[in-house]
$ cat upload.cif   # mmCIF, C-alpha atoms
data_run
loop_
_atom_site.group_PDB
_atom_site.id
_atom_site.type_symbol
_atom_site.label_atom_id
_atom_site.label_comp_id
_atom_site.auth_asym_id
_atom_site.auth_seq_id
_atom_site.Cartn_x
_atom_site.Cartn_y
_atom_site.Cartn_z
ATOM 1 C CA MET I 1 -20.192 -12.235 36.615
ATOM 2 C CA THR I 2 -17.944 -14.204 34.345
ATOM 3 C CA VAL I 3 -14.660 -13.025 33.031
ATOM 4 C CA ASP I 4 -14.676 -12.501 29.313
ATOM 5 C CA ARG I 5 -11.823 -14.548 27.927
ATOM 6 C CA ARG I 6 -12.239 -13.636 24.325
ATOM 7 C CA GLN I 7 -9.063 -12.830 22.526
ATOM 8 C CA ARG I 8 -8.601 -9.760 20.514
ATOM 9 C CA PRO I 9 -6.679 -9.586 17.272
ATOM 10 C CA HIS I 10 -3.003 -9.707 17.819
ATOM 11 C CA ALA I 11 -1.168 -6.729 16.532
ATOM 12 C CA ASP I 12 1.727 -7.497 14.307
ATOM 13 C CA GLY I 13 4.526 -5.542 12.769
ATOM 14 C CA GLY I 14 5.578 -3.978 16.039
ATOM 15 C CA ARG I 15 2.380 -2.105 16.789
ATOM 16 C CA VAL I 16 1.866 -1.018 20.359
ATOM 17 C CA VAL I 17 -0.787 -3.123 22.056
ATOM 18 C CA PRO I 18 -2.830 -1.259 24.643
ATOM 19 C CA ASN I 19 -3.732 -3.003 27.836
ATOM 20 C CA TYR I 20 -7.383 -3.834 27.634
ATOM 21 C CA ALA I 21 -8.921 -5.162 30.797
ATOM 22 C CA PHE I 22 -11.690 -7.650 30.257
ATOM 23 C CA THR I 23 -14.505 -7.515 32.768
ATOM 24 C CA ALA I 24 -17.942 -8.944 32.108
ATOM 25 C CA GLY I 25 -17.828 -8.126 28.435
ATOM 26 C CA ARG I 26 -16.542 -4.621 28.905
ATOM 27 C CA THR I 27 -13.279 -3.587 27.489
ATOM 28 C CA ARG I 28 -11.371 -0.775 29.042
ATOM 29 C CA SER I 29 -8.734 0.932 27.053
ATOM 30 C CA ALA I 30 -6.449 3.732 27.978
ATOM 31 C CA ALA I 31 -5.598 4.613 24.403
ATOM 32 C CA GLY I 32 -7.704 2.305 22.280
ATOM 33 C CA THR I 33 -5.504 2.789 19.243
ATOM 34 C CA ASP I 34 -5.999 -0.863 18.384
ATOM 35 C CA MET I 35 -9.788 -0.886 18.567
ATOM 36 C CA PRO I 36 -10.862 -2.251 15.173
ATOM 37 C CA ILE I 37 -13.487 -0.412 13.166
ATOM 38 C CA GLU I 38 -15.964 -3.285 13.521
ATOM 39 C CA ALA I 39 -15.744 -3.292 17.359
ATOM 40 C CA LEU I 40 -19.284 -3.121 18.740
ATOM 41 C CA VAL I 41 -20.211 -0.474 21.273
ATOM 42 C CA THR I 42 -23.172 -0.519 23.663
ATOM 43 C CA ALA I 43 -24.269 1.988 26.278
ATOM 44 C CA THR I 44 -24.059 0.863 29.871
ATOM 45 C CA GLU I 45 -26.736 1.625 32.442
ATOM 46 C CA ALA I 46 -24.304 4.007 34.115
ATOM 47 C CA GLY I 47 -23.658 5.703 30.786
ATOM 48 C CA LEU I 48 -27.360 6.145 30.070
ATOM 49 C CA ALA I 49 -27.947 7.506 33.560
ATOM 50 C CA LYS I 50 -25.206 10.101 33.159
ATOM 51 C CA ALA I 51 -25.750 10.899 29.481
ATOM 52 C CA PRO I 52 -27.713 14.152 30.045
ATOM 53 C CA GLY I 53 -24.728 15.679 31.839
ATOM 54 C CA LEU I 54 -22.105 14.637 29.293
ATOM 55 C CA PRO I 55 -20.586 16.880 26.589
ATOM 56 C CA PRO I 56 -22.673 16.835 23.373
ATOM 57 C CA GLU I 57 -20.508 14.395 21.370
ATOM 58 C CA ALA I 58 -20.177 11.993 24.295
ATOM 59 C CA ARG I 59 -23.897 12.193 24.998
ATOM 60 C CA ALA I 60 -24.683 11.508 21.329
ATOM 61 C CA ILE I 61 -22.462 8.424 21.305
ATOM 62 C CA VAL I 62 -24.010 6.989 24.466
ATOM 63 C CA GLU I 63 -27.521 7.633 23.170
ATOM 64 C CA VAL I 64 -27.026 6.040 19.733
ATOM 65 C CA SER I 65 -25.403 3.072 21.454
ATOM 66 C CA THR I 66 -28.624 1.998 23.158
ATOM 67 C CA VAL I 67 -28.594 -0.360 20.180
ATOM 68 C CA PRO I 68 -25.203 -1.888 19.337
ATOM 69 C CA GLN I 69 -23.117 0.242 16.987
ATOM 70 C CA SER I 70 -19.753 -0.426 15.450
ATOM 71 C CA LEU I 71 -16.978 2.102 15.759
ATOM 72 C CA ALA I 72 -17.438 2.735 12.029
ATOM 73 C CA GLU I 73 -21.149 3.455 12.520
ATOM 74 C CA ILE I 74 -20.443 5.860 15.364
ATOM 75 C CA GLY I 75 -17.990 7.726 13.146
ATOM 76 C CA ALA I 76 -20.530 7.887 10.321
ATOM 77 C CA LEU I 77 -23.484 8.853 12.533
ATOM 78 C CA LEU I 78 -21.527 11.644 14.226
ATOM 79 C CA GLY I 79 -19.839 12.743 11.020
ATOM 80 C CA VAL I 80 -16.336 12.370 12.416
ATOM 81 C CA PRO I 81 -13.364 10.344 11.136
ATOM 82 C CA ILE I 82 -12.887 6.895 12.660
ATOM 83 C CA GLY I 83 -9.817 8.048 14.575
ATOM 84 C CA VAL I 84 -11.857 10.693 16.380
ATOM 85 C CA ALA I 85 -14.653 8.238 17.138
ATOM 86 C CA ARG I 86 -12.061 5.807 18.486
ATOM 87 C CA VAL I 87 -10.722 8.344 20.972
ATOM 88 C CA LEU I 88 -14.187 9.402 22.145
ATOM 89 C CA VAL I 89 -15.338 5.803 22.549
ATOM 90 C CA SER I 90 -12.154 4.857 24.386
ATOM 91 C CA ASP I 91 -12.632 7.680 26.857
ATOM 92 C CA LEU I 92 -16.265 6.746 27.465
ATOM 93 C CA ALA I 93 -15.381 3.072 27.850
ATOM 94 C CA ALA I 94 -12.683 3.956 30.380
ATOM 95 C CA GLU I 95 -15.391 5.629 32.478
ATOM 96 C CA ASP I 96 -17.757 2.656 32.108
ATOM 97 C CA HIS I 97 -20.234 4.687 30.092
ATOM 98 C CA LEU I 98 -19.833 2.304 27.177
ATOM 99 C CA ALA I 99 -19.064 -1.380 26.792
ATOM 100 C CA VAL I 100 -16.840 -2.391 23.876
ATOM 101 C CA HIS I 101 -17.201 -5.823 22.291
ATOM 102 C CA LEU I 102 -14.110 -6.874 20.368
ATOM 103 C CA PRO I 103 -13.874 -9.523 17.647
ATOM 104 C CA LEU I 104 -13.135 -13.062 18.756
ATOM 105 C CA VAL I 105 -10.125 -14.418 16.926
ATOM 106 C CA GLY I 106 -7.930 -17.467 17.301
ATOM 107 C CA SER I 107 -4.194 -17.567 17.800
ATOM 108 C CA ASP I 108 -3.765 -17.257 14.021
ATOM 109 C CA GLY I 109 -5.496 -13.872 14.050
ATOM 110 C CA ARG I 110 -8.488 -15.213 12.122
ATOM 111 C CA PRO I 111 -12.078 -15.589 13.312
ATOM 112 C CA ARG I 112 -12.642 -18.784 15.250
ATOM 113 C CA ARG I 113 -14.042 -21.750 13.344
ATOM 114 C CA GLU I 114 -17.256 -21.856 15.384
ATOM 115 C CA LEU I 115 -17.966 -18.245 14.453
ATOM 116 C CA LEU I 116 -17.481 -18.996 10.759
ATOM 117 C CA GLU I 117 -19.931 -21.878 11.119
ATOM 118 C CA ARG I 118 -22.496 -19.636 12.785
ATOM 119 C CA LEU I 119 -21.987 -17.049 10.060
ATOM 120 C CA LEU I 120 -22.541 -19.720 7.416
ATOM 121 C CA ASP I 121 -25.755 -20.876 9.117
ATOM 122 C CA GLY I 122 -26.997 -17.302 9.344
ATOM 123 C CA LEU I 123 -26.271 -16.549 5.683
ATOM 124 C CA ARG I 124 -27.925 -19.777 4.494
ATOM 125 C CA ALA I 125 -31.045 -18.857 6.476
ATOM 126 C CA ARG I 126 -31.399 -15.500 4.708
ATOM 127 C CA MET A 1 -34.866 -6.737 0.474
ATOM 128 C CA ASP A 2 -37.159 -8.177 3.057
ATOM 129 C CA SER A 3 -38.811 -7.288 6.318
ATOM 130 C CA GLU A 4 -35.539 -7.421 8.225
ATOM 131 C CA LEU A 5 -34.680 -3.969 6.987
ATOM 132 C CA GLY A 6 -33.609 -1.978 10.004
ATOM 133 C CA ASP A 7 -34.391 -4.765 12.449
ATOM 134 C CA ARG A 8 -31.410 -5.011 14.736
ATOM 135 C CA ARG A 9 -32.878 -7.814 16.807
ATOM 136 C CA VAL A 10 -31.688 -6.204 20.000
ATOM 137 C CA SER A 11 -34.468 -4.429 21.796
ATOM 138 C CA ALA A 12 -33.685 -0.874 22.709
ATOM 139 C CA GLY A 13 -34.202 0.344 26.236
ATOM 140 C CA GLY A 14 -33.773 -1.742 29.321
ATOM 141 C CA THR A 15 -30.410 -3.090 30.280
ATOM 142 C CA ALA A 16 -28.293 -2.833 27.194
ATOM 143 C CA THR A 17 -25.255 -4.295 28.878
ATOM 144 C CA ARG A 18 -26.871 -7.560 29.851
ATOM 145 C CA GLU A 19 -28.446 -8.092 26.440
ATOM 146 C CA ALA A 20 -25.256 -7.136 24.698
ATOM 147 C CA ARG A 21 -22.813 -9.222 26.694
ATOM 148 C CA ASP A 22 -22.209 -11.839 24.022
ATOM 149 C CA LEU A 23 -22.127 -9.488 21.052
ATOM 150 C CA LEU A 24 -19.484 -10.307 18.475
ATOM 151 C CA PRO A 25 -18.587 -8.437 15.308
ATOM 152 C CA LEU A 26 -17.264 -9.988 12.111
ATOM 153 C CA LYS A 27 -16.137 -8.286 8.928
ATOM 154 C CA ILE A 28 -15.753 -9.061 5.270
ATOM 155 C CA LEU A 29 -13.923 -6.754 2.877
ATOM 156 C CA ILE A 30 -15.406 -5.897 -0.496
ATOM 157 C CA ALA A 31 -12.561 -4.933 -2.805
ATOM 158 C CA GLY A 32 -12.162 -4.059 -6.451
ATOM 159 C CA GLY A 33 -11.472 -1.192 -8.794
ATOM 160 C CA PHE A 34 -13.288 2.135 -8.922
ATOM 161 C CA GLY A 35 -16.880 1.860 -10.121
ATOM 162 C CA VAL A 36 -16.931 -1.935 -10.129
ATOM 163 C CA GLY A 37 -20.027 -2.101 -7.905
ATOM 164 C CA LYS A 38 -18.685 -2.387 -4.351
ATOM 165 C CA THR A 39 -21.249 0.001 -2.897
ATOM 166 C CA THR A 40 -24.037 -1.613 -4.924
ATOM 167 C CA LEU A 41 -23.172 -4.995 -3.437
ATOM 168 C CA VAL A 42 -22.962 -3.582 0.094
ATOM 169 C CA ALA A 43 -26.353 -1.894 -0.395
ATOM 170 C CA ALA A 44 -27.941 -5.119 -1.662
ATOM 171 C CA LEU A 45 -26.884 -7.003 1.460
ATOM 172 C CA SER A 46 -27.060 -4.385 4.195
ATOM 173 C CA GLU A 47 -30.107 -4.164 6.464
ATOM 174 C CA VAL A 48 -29.527 -0.429 6.812
ATOM 175 C CA PRO A 49 -28.714 2.017 4.003
ATOM 176 C CA PRO A 50 -24.937 1.942 3.516
ATOM 177 C CA LEU A 51 -23.076 4.462 5.622
ATOM 178 C CA SER A 52 -19.915 6.244 4.688
ATOM 179 C CA THR A 53 -17.116 6.910 7.094
ATOM 180 C CA GLU A 54 -13.827 8.667 6.808
ATOM 181 C CA GLN A 55 -10.533 7.404 7.982
ATOM 182 C CA GLN A 56 -7.706 9.865 8.249
ATOM 183 C CA MET A 57 -4.416 8.197 7.566
ATOM 184 C CA THR A 58 -1.146 9.788 8.463
ATOM 185 C CA SER A 59 2.061 8.280 7.230
ATOM 186 C CA LEU A 60 5.574 9.463 7.717
ATOM 187 C CA SER A 61 7.466 9.742 4.521
ATOM 188 C CA ASP A 62 10.904 8.358 5.155
ATOM 189 C CA GLY A 63 14.007 8.316 3.067
ATOM 190 C CA VAL A 64 12.994 11.464 1.260
ATOM 191 C CA ASP A 65 14.801 13.999 3.359
ATOM 192 C CA ASP A 66 16.990 12.411 5.994
ATOM 193 C CA THR A 67 18.366 15.689 7.257
ATOM 194 C CA SER A 68 14.963 17.037 8.136
ATOM 195 C CA ILE A 69 14.379 17.343 11.873
ATOM 196 C CA VAL A 70 10.633 17.101 11.505
ATOM 197 C CA PRO A 71 9.659 14.331 9.113
ATOM 198 C CA ASP A 72 7.200 15.173 6.389
ATOM 199 C CA LYS A 73 3.750 13.966 7.169
ATOM 200 C CA THR A 74 1.203 13.024 4.580
ATOM 201 C CA THR A 75 -2.413 12.983 5.634
ATOM 202 C CA THR A 76 -4.932 11.279 3.442
ATOM 203 C CA THR A 77 -8.638 11.035 4.101
ATOM 204 C CA VAL A 78 -10.137 7.853 2.755
ATOM 205 C CA ALA A 79 -13.897 7.369 2.522
ATOM 206 C CA MET A 80 -15.312 3.900 3.007
ATOM 207 C CA ASP A 81 -18.851 2.715 2.422
ATOM 208 C CA PHE A 82 -20.029 -0.035 4.686
ATOM 209 C CA GLY A 83 -23.108 -2.026 5.596
ATOM 210 C CA ARG A 84 -24.401 -4.295 8.299
ATOM 211 C CA VAL A 85 -25.952 -7.762 8.376
ATOM 212 C CA THR A 86 -27.367 -9.179 11.623
ATOM 213 C CA VAL A 87 -26.416 -12.861 11.505
ATOM 214 C CA ASP A 88 -28.041 -14.139 14.685
ATOM 215 C CA ASP A 89 -28.808 -12.984 18.228
ATOM 216 C CA SER A 90 -25.260 -11.903 18.931
ATOM 217 C CA LEU A 91 -23.300 -12.014 15.684
ATOM 218 C CA VAL A 92 -23.139 -8.900 13.499
ATOM 219 C CA LEU A 93 -21.381 -8.917 10.141
ATOM 220 C CA TYR A 94 -19.957 -5.714 8.669
ATOM 221 C CA LEU A 95 -19.151 -5.318 5.004
ATOM 222 C CA PHE A 96 -16.505 -2.739 4.211
ATOM 223 C CA GLY A 97 -16.099 -1.486 0.675
ATOM 224 C CA THR A 98 -12.372 -0.893 0.536
ATOM 225 C CA PRO A 99 -10.706 1.741 -1.612
ATOM 226 C CA GLY A 100 -9.382 0.009 -4.674
ATOM 227 C CA GLN A 101 -6.427 2.192 -5.454
ATOM 228 C CA SER A 102 -3.051 0.782 -4.569
ATOM 229 C CA ARG A 103 -2.017 3.989 -2.841
ATOM 230 C CA PHE A 104 -4.429 3.076 -0.032
ATOM 231 C CA TRP A 105 -2.898 -0.303 0.645
ATOM 232 C CA PHE A 106 -1.369 0.891 3.874
ATOM 233 C CA MET A 107 -4.868 0.988 5.312
ATOM 234 C CA TRP A 108 -5.781 -2.462 4.023
ATOM 235 C CA ASP A 109 -3.482 -4.085 6.582
ATOM 236 C CA GLU A 110 -5.549 -2.634 9.388
ATOM 237 C CA LEU A 111 -8.794 -3.519 7.648
ATOM 238 C CA ALA A 112 -7.720 -7.065 6.837
ATOM 239 C CA ARG A 113 -6.703 -7.933 10.395
ATOM 240 C CA GLY A 114 -9.235 -10.369 11.842
ATOM 241 C CA ALA A 115 -11.420 -10.368 8.707
ATOM 242 C CA VAL A 116 -13.350 -13.449 7.604
ATOM 243 C CA GLY A 117 -12.047 -12.793 4.114
ATOM 244 C CA ALA A 118 -12.588 -10.656 1.060
ATOM 245 C CA VAL A 119 -14.742 -10.522 -2.036
ATOM 246 C CA VAL A 120 -12.841 -9.140 -5.013
ATOM 247 C CA LEU A 121 -15.346 -7.692 -7.452
ATOM 248 C CA VAL A 122 -14.324 -7.781 -11.100
ATOM 249 C CA ASP A 123 -15.745 -5.831 -14.022
ATOM 250 C CA LEU A 124 -15.005 -8.052 -17.008
ATOM 251 C CA ARG A 125 -14.626 -4.998 -19.219
ATOM 252 C CA ARG A 126 -11.744 -3.821 -17.024
ATOM 253 C CA ILE A 127 -10.315 -6.874 -15.328
ATOM 254 C CA ASP A 128 -6.885 -5.329 -14.822
ATOM 255 C CA ASP A 129 -8.401 -3.009 -12.197
ATOM 256 C CA SER A 130 -8.849 -5.985 -9.885
ATOM 257 C CA PHE A 131 -5.424 -7.530 -10.244
ATOM 258 C CA ALA A 132 -3.864 -5.488 -7.434
ATOM 259 C CA ALA A 133 -6.491 -6.571 -4.905
ATOM 260 C CA ILE A 134 -6.101 -10.249 -5.824
ATOM 261 C CA ASP A 135 -2.347 -9.950 -5.534
ATOM 262 C CA TYR A 136 -2.654 -8.271 -2.152
ATOM 263 C CA PHE A 137 -4.984 -10.847 -0.559
ATOM 264 C CA GLU A 138 -3.010 -13.734 -2.009
ATOM 265 C CA ASN A 139 0.201 -12.338 -0.517
ATOM 266 C CA ARG A 140 -1.374 -11.743 2.886
ATOM 267 C CA GLY A 141 -2.963 -15.187 3.036
ATOM 268 C CA LEU A 142 -6.449 -13.745 3.527
ATOM 269 C CA PRO A 143 -9.164 -16.033 2.090
ATOM 270 C CA PHE A 144 -10.903 -14.405 -0.854
ATOM 271 C CA VAL A 145 -13.290 -15.176 -3.670
ATOM 272 C CA VAL A 146 -13.470 -13.472 -7.037
ATOM 273 C CA ALA A 147 -16.937 -12.252 -8.011
ATOM 274 C CA LEU A 148 -17.553 -11.323 -11.657
ATOM 275 C CA ASN A 149 -20.102 -8.528 -11.650
ATOM 276 C CA SER A 150 -22.552 -8.918 -14.511
ATOM 277 C CA PHE A 151 -22.574 -5.973 -16.856
ATOM 278 C CA PRO A 152 -24.186 -5.788 -20.288
ATOM 279 C CA GLY A 153 -22.064 -7.624 -22.814
ATOM 280 C CA THR A 154 -20.085 -9.649 -20.299
ATOM 281 C CA ASP A 155 -22.259 -12.774 -20.232
ATOM 282 C CA GLY A 156 -20.728 -16.048 -21.205
ATOM 283 C CA VAL A 157 -17.110 -15.220 -20.518
ATOM 284 C CA ASP A 158 -15.341 -18.422 -19.549
ATOM 285 C CA VAL A 159 -14.342 -18.435 -15.883
ATOM 286 C CA ASP A 160 -11.128 -20.310 -16.689
ATOM 287 C CA VAL A 161 -10.063 -17.533 -19.022
ATOM 288 C CA VAL A 162 -10.569 -15.016 -16.229
ATOM 289 C CA ARG A 163 -8.663 -17.249 -13.803
ATOM 290 C CA ASP A 164 -5.691 -17.344 -16.153
ATOM 291 C CA ALA A 165 -5.827 -13.649 -16.942
ATOM 292 C CA LEU A 166 -5.890 -12.628 -13.267
ATOM 293 C CA ALA A 167 -3.601 -15.429 -12.044
ATOM 294 C CA VAL A 168 -6.221 -16.572 -9.537
ATOM 295 C CA PRO A 169 -5.024 -19.688 -7.675
ATOM 296 C CA ALA A 170 -6.921 -22.899 -8.471
ATOM 297 C CA ARG A 171 -8.223 -23.243 -4.887
ATOM 298 C CA CYS A 172 -9.805 -19.782 -4.951
ATOM 299 C CA PRO A 173 -13.460 -19.776 -6.082
ATOM 300 C CA ILE A 174 -14.637 -17.567 -8.949
ATOM 301 C CA ARG A 175 -18.374 -16.848 -9.240
ATOM 302 C CA TYR A 176 -20.672 -14.676 -11.272
ATOM 303 C CA VAL A 177 -22.670 -12.168 -9.218
ATOM 304 C CA ASP A 178 -25.409 -9.619 -9.776
ATOM 305 C CA ALA A 179 -24.315 -6.938 -7.314
ATOM 306 C CA ARG A 180 -27.849 -5.504 -7.233
ATOM 307 C CA ASP A 181 -29.401 -8.771 -6.116
ATOM 308 C CA ASP A 182 -29.536 -9.704 -2.436
ATOM 309 C CA GLY A 183 -29.732 -13.442 -3.107
ATOM 310 C CA SER A 184 -26.900 -13.443 -5.621
ATOM 311 C CA CYS A 185 -24.669 -11.448 -3.247
ATOM 312 C CA THR A 186 -25.572 -13.722 -0.317
ATOM 313 C CA ASP A 187 -24.482 -16.727 -2.410
ATOM 314 C CA VAL A 188 -21.089 -15.102 -2.922
ATOM 315 C CA LEU A 189 -20.693 -14.518 0.824
ATOM 316 C CA ILE A 190 -21.640 -18.160 1.479
ATOM 317 C CA THR A 191 -18.975 -19.242 -1.020
ATOM 318 C CA LEU A 192 -16.440 -17.049 0.772
ATOM 319 C CA VAL A 193 -17.270 -18.396 4.247
ATOM 320 C CA GLU A 194 -17.144 -21.995 2.963
ATOM 321 C CA HIS A 195 -13.769 -21.243 1.406
ATOM 322 C CA SER A 196 -12.572 -19.605 4.624
ATOM 323 C CA LEU A 197 -13.741 -22.642 6.653
ATOM 324 C CA ALA A 198 -11.964 -25.023 4.290
ATOM 325 C CA ARG A 199 -8.745 -23.114 4.951
ATOM 326 C CA SER A 200 -9.373 -22.972 8.694
ATOM 327 C CA VAL A 201 -7.590 -25.652 10.720
#

$ encode --input "upload.cif" --output "structure tokens"
Amino acid sequence: MTVDRRQRPHADGGRVVPNYAFTAGRTRSAAGTDMPIEALVTATEAGLAKAPGLPPEARAIVEVSTVPQSLAEIGALLGVPIGVARVLVSDLAAEDHLAVHLPLVGSDGRPRRELLERLLDGLRAR
Amino acid sequence: MDSELGDRRVSAGGTATREARDLLPLKILIAGGFGVGKTTLVAALSEVPPLSTEQQMTSLSDGVDDTSIVPDKTTTTVAMDFGRVTVDDSLVLYLFGTPGQSRFWFMWDELARGAVGAVVLVDLRRIDDSFAAIDYFENRGLPFVVALNSFPGTDGVDVDVVRDALAVPARCPIRYVDARDDGSCTDVLITLVEHSLARSV
């Protein structure tokens, strides 16, 4: 297991930054108010195992996240505003039912150069 | 559109966590006035039909009634269309069509944070509609390109005239685009990423 050292976007303008703990690609968040709408969510094995016993919305989120989904997609697929999706995902991530993959940004708050280069390669190959 | 439609390149089933460990999202904002073609462009590029999501924004109105114990709250629901492009094994790009009206700017700050950049779509018949977005991205230092959406009767307009009219800085690329065409839209994204890289240190 390696520790995920990716940085998340720095909040500015005095926003409260929740304490995410980074463990093997999972992000735990008590509040998750800073989780960006493009954050990717995947179901964990534990989440899939426990999904049948979860409340309907939680179960739906875990089940659609067998393939990676952004927070925005989860909101759209469940028909709930992003803020609601954010709270549900945060709760599920706190219980290790979901893994959250945050954007990788540099100290300037912008995507790292190597990611921009990979994006460019991917777009040119389309 | 090609055979990649709906192909997420991550096999379902099995151990999602292990496969997903290196997943990274990126985002690009698609801005511009109402009806300029933001959703058309997102649809041309997205590997899934564009989805729509709602963001409820609550802002405290201050300075209106200082004696009030409970501040007035204004809740606005803003709908956003967005799409998804799988870039490689672990990189997923999201395109967010952002509400063009200036009264939604308070939500642009959140959207713009960590973004690769923005495409400002311009309808040459109504170029003033795009001025606010250009002004916003310029002020925030977010890399952006201006894309002139082709509509009947707008061919042959000189790019330099548009640059002057919209006060687009010389370093910022301006391109023509057909928002219905995947290849044309991809070229605009490539221009944006190149521009973003050139500004990256």

$ closest_residue --input "upload.cif" --among "A:Ile28, A:Ala198, A:Met80, A:Leu91" --to "Arg118 (chain I)" --atoms "all atoms listed in the file"
A:Leu91

$ resolve_selection --input "upload.cif" --expression "the PyMOL selection byres ((chain I) within 6 of (chain A))" --output "ChimeraX atom specification"
/I:25,44,66-67,76,81-82,103,109-110,122

$ atom_distance --input "upload.cif" --atom1 "CA of Ile174 (chain A)" --atom2 "CA of Asn149 (chain A)"
10.9 Å

$ resolve_selection --input "upload.cif" --expression "the PyMOL selection byres ((chain I and resi 46) around 12)" --output "PyMOL selection string"
(chain I and resi 42-45+47-54+62-63+66+92-93+95-99) or (chain A and resi 15-17)

$ atom_distance --input "upload.cif" --atom1 "CA of Pro55 (chain I)" --atom2 "CA of Val87 (chain I)"
14.2 Å

$ atom_distance --input "upload.cif" --atom1 "CA of Ala133 (chain A)" --atom2 "CA of Val146 (chain A)"
10.0 Å

$ resolve_selection --input "upload.cif" --expression "the PyMOL selection byres ((chain A and resi 160) around 12)" --output "NGL selection string"
:A and (156-159 or 161-170 or 172-175)

$ residues_around --input "upload.cif" --residues "Ile127 (chain A)" --least-positions-apart "2" --cutoff "9 Å" --atoms "all atoms listed in the file" --output "number ranges by chain"
A: 33, 122-125, 129-131, 162, 165-166

$ write_last_selection --input "upload.cif" --atoms "C-alpha atoms" --output "mmCIF file, in the coordinates of the input"
data_model
loop_
_atom_site.group_PDB
_atom_site.id
_atom_site.type_symbol
_atom_site.label_atom_id
_atom_site.label_comp_id
_atom_site.auth_asym_id
_atom_site.auth_seq_id
_atom_site.Cartn_x
_atom_site.Cartn_y
_atom_site.Cartn_z
ATOM 1 C CA GLY A 33 -11.472 -1.192 -8.794
ATOM 2 C CA VAL A 122 -14.324 -7.781 -11.100
ATOM 3 C CA ASP A 123 -15.745 -5.831 -14.022
ATOM 4 C CA LEU A 124 -15.005 -8.052 -17.008
ATOM 5 C CA ARG A 125 -14.626 -4.998 -19.219
ATOM 6 C CA ASP A 129 -8.401 -3.009 -12.197
ATOM 7 C CA SER A 130 -8.849 -5.985 -9.885
ATOM 8 C CA PHE A 131 -5.424 -7.530 -10.244
ATOM 9 C CA VAL A 162 -10.569 -15.016 -16.229
ATOM 10 C CA ALA A 165 -5.827 -13.649 -16.942
ATOM 11 C CA LEU A 166 -5.890 -12.628 -13.267
#
